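Have a look at the structure below before the remarks.
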There are 2 protein chains.
Amino acid sequence: MGGDHGPSVVIPACATALKDLPNARLLVHGDEAALKTEMARHPALAARAEIRPAERVIAMDEKPAQAMRRGKGTSMWNAVEAVRDGTALAAVSAGNTGALWAISRLILRMTADLDRPALVASMPHARGITTFLDVGANVDCDAAQLVEFAIMGEAYHRAAHGVARPTVGLLNVGSEDMKGHEEVREAHRILRQGAIDLDYKGFVEGDDITGGAVDVVVTDGFTGNIALKAMEGAARFMFGELRNALSDGPLTNLGALLARPSLRRFRDRISPPPAAPLLGLNGLVLKCHGGADERDFAKAIRAAADIAQSGFASEIERNMRRLPAALAPVSPAPADGAA
Amino acid sequence: MGGDHGPSVVIPACATALKDLPNARLLVHGDEAALKTEMARHPALAARAEIRPAERVIAMDEKPAQAMRRGKGTSMWNAVEAVRDGTALAAVSAGNTGALWAISRLILRMTADLDRPALVASMPHARGITTFLDVGANVDCDAAQLVEFAIMGEAYHRAAHGVARPTVGLLNVGSEDMKGHEEVREAHRILRQGAIDLDYKGFVEGDDITGGAVDVVVTDGFTGNIALKAMEGAARFMFGELRNALSDGPLTNLGALLARPSLRRFRDRISPPPAAPLLGLNGLVLKCHGGADERDFAKAIRAAADIAQSGFASEIERNMRRLPAALAPVSPAPADGAA
């Protein structure tokens with residue numbers, strides 16, 4: 001039911017995604033009448049997708065705290081609950097990010113002693129993929145959380161991309177130790193001490209996200225969300241300008257026609273991913289961006305299937321189990337209420 | 001002397017820039033021997049550029065406070081002093097950003113009752129230019145500073161682009177009132193009250209920087225610097241991929257050849273600016289990015305000449321004079337030491 005377009009985009013996307021996923025089945029949570037109407041237009045979908053009626057939805061502007069209190073029985077709640085109960089391997093939503101974050105944390109709980117889930121984006125660069133987090137789940141982050149993001153991102157990158165020992169960088173406005181605000185400098189000190197076993201390379205800058213300097217780029221959710229959207233916007237602007245540039249005369253038109261297949265591959269290659277997993281939970285939840293169209297949401301479903309099959313969950317969990325000891329000096333009272 | 005390459009890039013850039021600026025003259029501050037050696041390779045430059053010997057330089061990693069204390073007599077200090085004394089209309093540096101910020105503020109002082117200078121970038125979008133600030137001068141910003149940036153950015157946009165009443169947006173992770181951290185929500189409240197006379201449109205998101213939703217996008221220097229560099233990096237990555245895509249076969253090669261002039265115009269059109277003015281000072285100082293090559297630094301010199309001729313200084317000053325009253329409820333003790 002989520003996102004700017006709801007079932008009119010989600011249902012066609014389900015039909016598209018299933019074409020590439022011969023063994024997958026879908027549970028579609030939401031308003032039964034609305035979903036049935038849309039599904040009637042995709043007969044092949046009916047055999048492999050099951051409607052799970054939910055009478056209520058979480059509004060796009062609902063506050064996370066409110067969504068948690070009153071969320072039970074909504075389509076979002078039920079989708080996440082299906083992951084907890086093992087009836088689904090992953091949940092995908094284009095709905096309210098804050099609500100999805102809060103409901104997932106409440107229902108699935110965090111792995112190990114981690115504090116809060118992070119949203120992770122996979123950014124393309126010339127020689128591979130950069131794991132970039134947090135891209136919007138946690139607006140205010142202290143040093144301990146940045147360190148947690150480093151740990152989660154490193155484990156995710158290893159699981160998702162098969163890199164034995166991913167390198168990690170902390171996003172800052174310069175590479176010198178004295179740069180940045182207090183939280184980022186404190187996280188830098190902790191990561192450099194070496195008590196946490198990962199290949200920390202120090203500060204990186206904004207252009208390193210698509211520059212491939214390190215495998216994992218860590219930042220707070222405010223900066224990460226804005227940087228991600230700024231890059232998406234820049235890519236969209238460039239495509240628009242490229243389209244204009246390639247249609248400004250007969251010779252250019254001919255050139256563009258000849259280069260079209262390459263330009264298409266180029267577009268697919270550089271497009272930022274439409275969905276981001278929420279990291280650190282006991283279960284897989286993906287957030288698809290709210291403005292997603294059919295193509296984006298189908299990609300998000302395929303990404304969920306890929307990650308669910310990659311065994312990343314156990315990899316993350318295995319890595320996370322080593323953490324409480326390493327994090328102890330960072331957050332002296334990790335146990336809820338123990339302080 | 002500044003930047004990653006020093007005189008070996010700056011001097012050739014001076015020669016290049018002067019070709020397009022028939023009436024400009026340059027003062028080149030720095031190590032006399034090093035500058036003379038480089039200038040000997042550009043005979044045409046000697047007639048229109050004067051070396052101002054400075055025995056010391058500010059190191060790229062020097063702390064701003066240290067640079068202020070020990071900066072007197074350095075090339076950076078002398079360049080800014082020449083602006084104060086009226087011997088130069090503008091100073092351009094590719095050196096240490098924090099030091100340039102601190103030295104400029106010390107020597108030139110702020111206009112009106114403004115607190116701290118902001119670095120402003122001019123980002124292209126499909127129908128014009130977005131004024132984007134702060135892109136790195138102020139890492140920690142409270143609500144009052146964000147409001148000041150809105151005022152400075154609006155005045156700059158009017159002066160630089162002749163827009164009678166520029167629209168202003170505050171960068172955030174969503175458009176709803178409850179989104180973001182405390183500083184950005186407080187600035188939002190102040191700007192919405194209407195006590196400050198500008199056309200405030202509310203929160204905008206990262207993709208609006210190149211989307212043209214508003215004329216002026218305001219954020220803190222940490223987020224702004226990272227978003228700017230992220231967009232630069234994304235553009236660089238896209239160019240590299242486009243180059244690869246357009247050389248992957250004979251037909252594509254031919255197409256790329258036919259489209260080449262358009263692709264060149266495209267590249268020039270979308271390239272982010274290599275230099276950013278420091279806003280709010282009694283005088284014009286431009287920061288060129290440290291990794292600037294000859295082409296970038298020449299562009300920065302031309303930008304300085306353009307802005308110096310645009311009469312933006314008096315426009316800014318005129319707008320700033322209206323501010324103390326409007327800002328009073330934001331910062332109750334604006335006068336130094338009065339509290």
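Residues in the structure tokens are numbered from 1 in each chain, the chains being A, B, ... in the order shown, and ligands are numbered from 1 in the order shown.
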
Legend entry - Interface, chain A side, toward chain B (6 Å; only C-alpha atoms) as a ChimeraX atom specification: /A:206-207,210,223,226-227,229-231,233-234,245,251-252,255-256,258-259,262

Inset, instruction - Extract, using only C-alpha atoms, all DNA, RNA and protein residues at most 10 Å from Ala90 of chain A, discarding same-chain residues fewer than 3 positions from it, and format them as an NGL selection string. - result: :A and (26 or 79-80 or 82-84 or 86-87 or 277 or 283-286 or 301 or 304-305 or 307-308)

Writing out the chosen residues with C-alpha atoms as a PDB file, in the first residue's frame:
ATOM      1  CA  LEU A  26       4.707 -13.181  -2.851  1.00  0.00           C
ATOM      2  CA  ALA A  79       4.548  -7.655   6.257  1.00  0.00           C
ATOM      3  CA  VAL A  80       7.274  -7.374   8.905  1.00  0.00           C
ATOM      4  CA  ALA A  82       5.529 -12.389   8.342  1.00  0.00           C
ATOM      5  CA  VAL A  83       9.340 -12.150   8.342  1.00  0.00           C
ATOM      6  CA  ARG A  84       9.510 -12.726  12.079  1.00  0.00           C
ATOM      7  CA  GLY A  86       9.139 -17.225   8.993  1.00  0.00           C
ATOM      8  CA  THR A  87       6.287 -17.104   6.486  1.00  0.00           C
ATOM      9  CA  PRO A 277      18.050  -3.047   3.291  1.00  0.00           C
ATOM     10  CA  GLY A 283      15.339 -10.548   9.532  1.00  0.00           C
ATOM     11  CA  LEU A 284      15.436  -8.887   6.143  1.00  0.00           C
ATOM     12  CA  VAL A 285      13.471  -5.679   5.460  1.00  0.00           C
ATOM     13  CA  LEU A 286      14.031  -3.494   2.410  1.00  0.00           C
ATOM     14  CA  ILE A 301      11.682  -7.214  -5.017  1.00  0.00           C
ATOM     15  CA  ALA A 304      15.184  -8.782  -1.671  1.00  0.00           C
ATOM     16  CA  ALA A 305      15.205 -12.245  -3.254  1.00  0.00           C
ATOM     17  CA  ILE A 307      19.893 -10.933  -0.531  1.00  0.00           C
ATOM     18  CA  ALA A 308      17.591 -13.514   1.090  1.00  0.00           C
TER      19      ALA A 308
END

Inset, instruction - Measuring atom to atom with only C-alpha atoms, identify which of B:Asn23, B:Ser93, B:Gln66, B:Ser75 is nearest to Ala275 of chain B. - result: B:Ser93

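Atom CA of Asp31 of chain B to atom CA of Arg105 of chain B spans 24.0 Å [interatomic distance, one decimal].
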
Legend entry - Non-local contacts of Ala59 of chain A (12 Å; only C-alpha atoms; under 6 positions in same chain excluded) as an NGL selection string: :A and (1-4 or 6 or 66-67 or 70-71 or 74-76 or 94-100 or 290)

Selected residues written out, N, CA and C atoms, as a compact mmCIF listing (two decimals), in the first residue's frame:
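Written file, part_20.txt:
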# COMPACT_ATOMS: atom_id res chain seq x y z
N MET A 1 0.83 -1.21 0.00
CA MET A 1 0.00 0.00 0.00
C MET A 1 0.86 1.26 0.00
N GLY A 2 2.15 1.11 0.18
CA GLY A 2 3.00 2.26 0.46
C GLY A 2 3.49 3.01 -0.77
N GLY A 3 4.27 4.06 -0.48
CA GLY A 3 4.85 4.86 -1.55
C GLY A 3 3.87 5.88 -2.08
N ASP A 4 4.32 6.65 -3.06
CA ASP A 4 3.49 7.72 -3.59
C ASP A 4 2.34 7.19 -4.44
N GLY A 6 1.11 3.57 -4.33
CA GLY A 6 0.37 2.44 -3.78
C GLY A 6 0.24 1.27 -4.75
N GLN A 66 4.06 7.02 16.81
CA GLN A 66 2.64 6.78 16.61
C GLN A 66 2.43 5.49 15.81
N ALA A 67 3.25 5.30 14.78
CA ALA A 67 3.14 4.10 13.95
C ALA A 67 3.36 2.84 14.78
N ARG A 70 0.16 2.36 17.12
CA ARG A 70 -1.11 2.04 16.47
C ARG A 70 -0.92 1.20 15.21
N GLY A 71 0.28 0.63 15.08
CA GLY A 71 0.59 -0.03 13.81
C GLY A 71 0.03 -1.43 13.64
N THR A 74 -1.78 -3.13 10.53
CA THR A 74 -1.60 -2.42 9.26
C THR A 74 -0.83 -3.31 8.28
N SER A 75 -0.87 -2.93 7.00
CA SER A 75 -0.18 -3.72 5.98
C SER A 75 1.32 -3.79 6.27
N MET A 76 1.91 -2.67 6.71
CA MET A 76 3.35 -2.66 6.98
C MET A 76 3.69 -3.59 8.15
N ALA A 94 7.56 0.49 0.19
CA ALA A 94 7.88 1.84 -0.30
C ALA A 94 7.23 2.88 0.60
N GLY A 95 6.81 2.45 1.77
CA GLY A 95 6.07 3.34 2.67
C GLY A 95 6.96 4.23 3.52
N ASN A 96 6.35 4.77 4.56
CA ASN A 96 6.96 5.68 5.53
C ASN A 96 8.25 5.09 6.13
N THR A 97 9.40 5.71 5.84
CA THR A 97 10.69 5.17 6.27
C THR A 97 10.82 5.06 7.78
N GLY A 98 10.46 6.14 8.48
CA GLY A 98 10.60 6.15 9.93
C GLY A 98 9.73 5.09 10.58
N ALA A 99 8.52 4.92 10.05
CA ALA A 99 7.59 3.92 10.59
C ALA A 99 8.13 2.51 10.33
N LEU A 100 8.64 2.29 9.14
CA LEU A 100 9.18 0.96 8.80
C LEU A 100 10.35 0.62 9.70
N GLY A 290 10.08 6.18 -1.86
CA GLY A 290 8.65 6.45 -1.93
C GLY A 290 8.15 6.77 -3.34

Inset, instruction - as number ranges by chain, please: all residues of segment 70-190 of chain A that backbone DSSP puts in strand (DSSP E). - result: A: 90-93, 118-125, 128-133, 167-171

Write out, as a Markdown table, each residue of segment 213-276 of chain B that has an atom at most 6 Å from segment 163-168 of chain B, together with the closest pair of atoms and their distance in Å to one decimal, counting only C-alpha atoms, rows going by chain and rising number.
| residue | atom | partner | partner_atom | distance |
| --- | --- | --- | --- | --- |
| B:Val214 | CA | B:Thr167 | CA | 5.2 |
| B:Asp215 | CA | B:Thr167 | CA | 5.1 |
| B:Val216 | CA | B:Val168 | CA | 4.7 |

How would the residues just chosen look if you wrote them out with C-alpha atoms as an mmCIF file, in the first residue's frame?
data_model
loop_
_atom_site.group_PDB
_atom_site.id
_atom_site.type_symbol
_atom_site.label_atom_id
_atom_site.label_comp_id
_atom_site.auth_asym_id
_atom_site.auth_seq_id
_atom_site.Cartn_x
_atom_site.Cartn_y
_atom_site.Cartn_z
ATOM 1 C CA VAL B 214 14.213 26.708 -5.212
ATOM 2 C CA ASP B 215 16.898 29.285 -6.084
ATOM 3 C CA VAL B 216 18.811 28.993 -2.811
#

Ala17 of chain B: which residues within 8 Å, counting only C-alpha atoms, same-chain residues fewer than 3 positions away excluded, as a CSV table (one decimal) with N, CA and C atoms, in the first residue's frame?
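Okay, around-v3.csv is ready:
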chain,number,residue,atom,x,y,z
B,13,ALA,N,47.7,28.7,-14.9
B,13,ALA,CA,46.3,29.1,-14.8
B,13,ALA,C,46.1,30.6,-14.9
B,14,CYS,N,47.0,31.4,-14.3
B,14,CYS,CA,47.0,32.8,-14.4
B,14,CYS,C,47.1,33.2,-15.9
B,20,ASP,N,41.3,35.7,-21.3
B,20,ASP,CA,39.8,36.1,-21.4
B,20,ASP,C,39.5,37.4,-20.7
B,21,LEU,N,40.5,37.9,-20.0
B,21,LEU,CA,40.2,39.1,-19.2
B,21,LEU,C,41.2,40.2,-19.6
B,298,ALA,N,42.0,28.5,-13.5
B,298,ALA,CA,41.8,29.6,-14.5
B,298,ALA,C,40.3,30.0,-14.4
B,299,LYS,N,39.4,29.0,-14.3
B,299,LYS,CA,38.0,29.3,-14.1
B,299,LYS,C,37.7,30.1,-12.9
B,301,ILE,N,39.7,32.2,-11.3
B,301,ILE,CA,40.1,33.6,-11.5
B,301,ILE,C,39.1,34.3,-12.3
B,302,ARG,N,38.6,33.7,-13.4
B,302,ARG,CA,37.6,34.4,-14.2
B,302,ARG,C,36.3,34.6,-13.4

Inset, instruction - Within segment 187-313 of chain A, find each residue whose DSSP state, derived from the backbone, is alpha helix (DSSP H), and express the selection as a VMD selection string. - result: chain A and resid 187 to 193 221 to 245 250 to 270 294 to 309 312 to 313

Inset, instruction - Do a neighbour search on segment 183-186 of chain A at 6 Å with only C-alpha atoms, toss out local chain neighbours closer than 3 positions, and write the hits as a ChimeraX atom specification. - result: /A:142-143,189

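The interatomic distance for the pair atom CA of Leu281 of chain A and atom CA of Arg109 of chain A works out to 5.9 Å.
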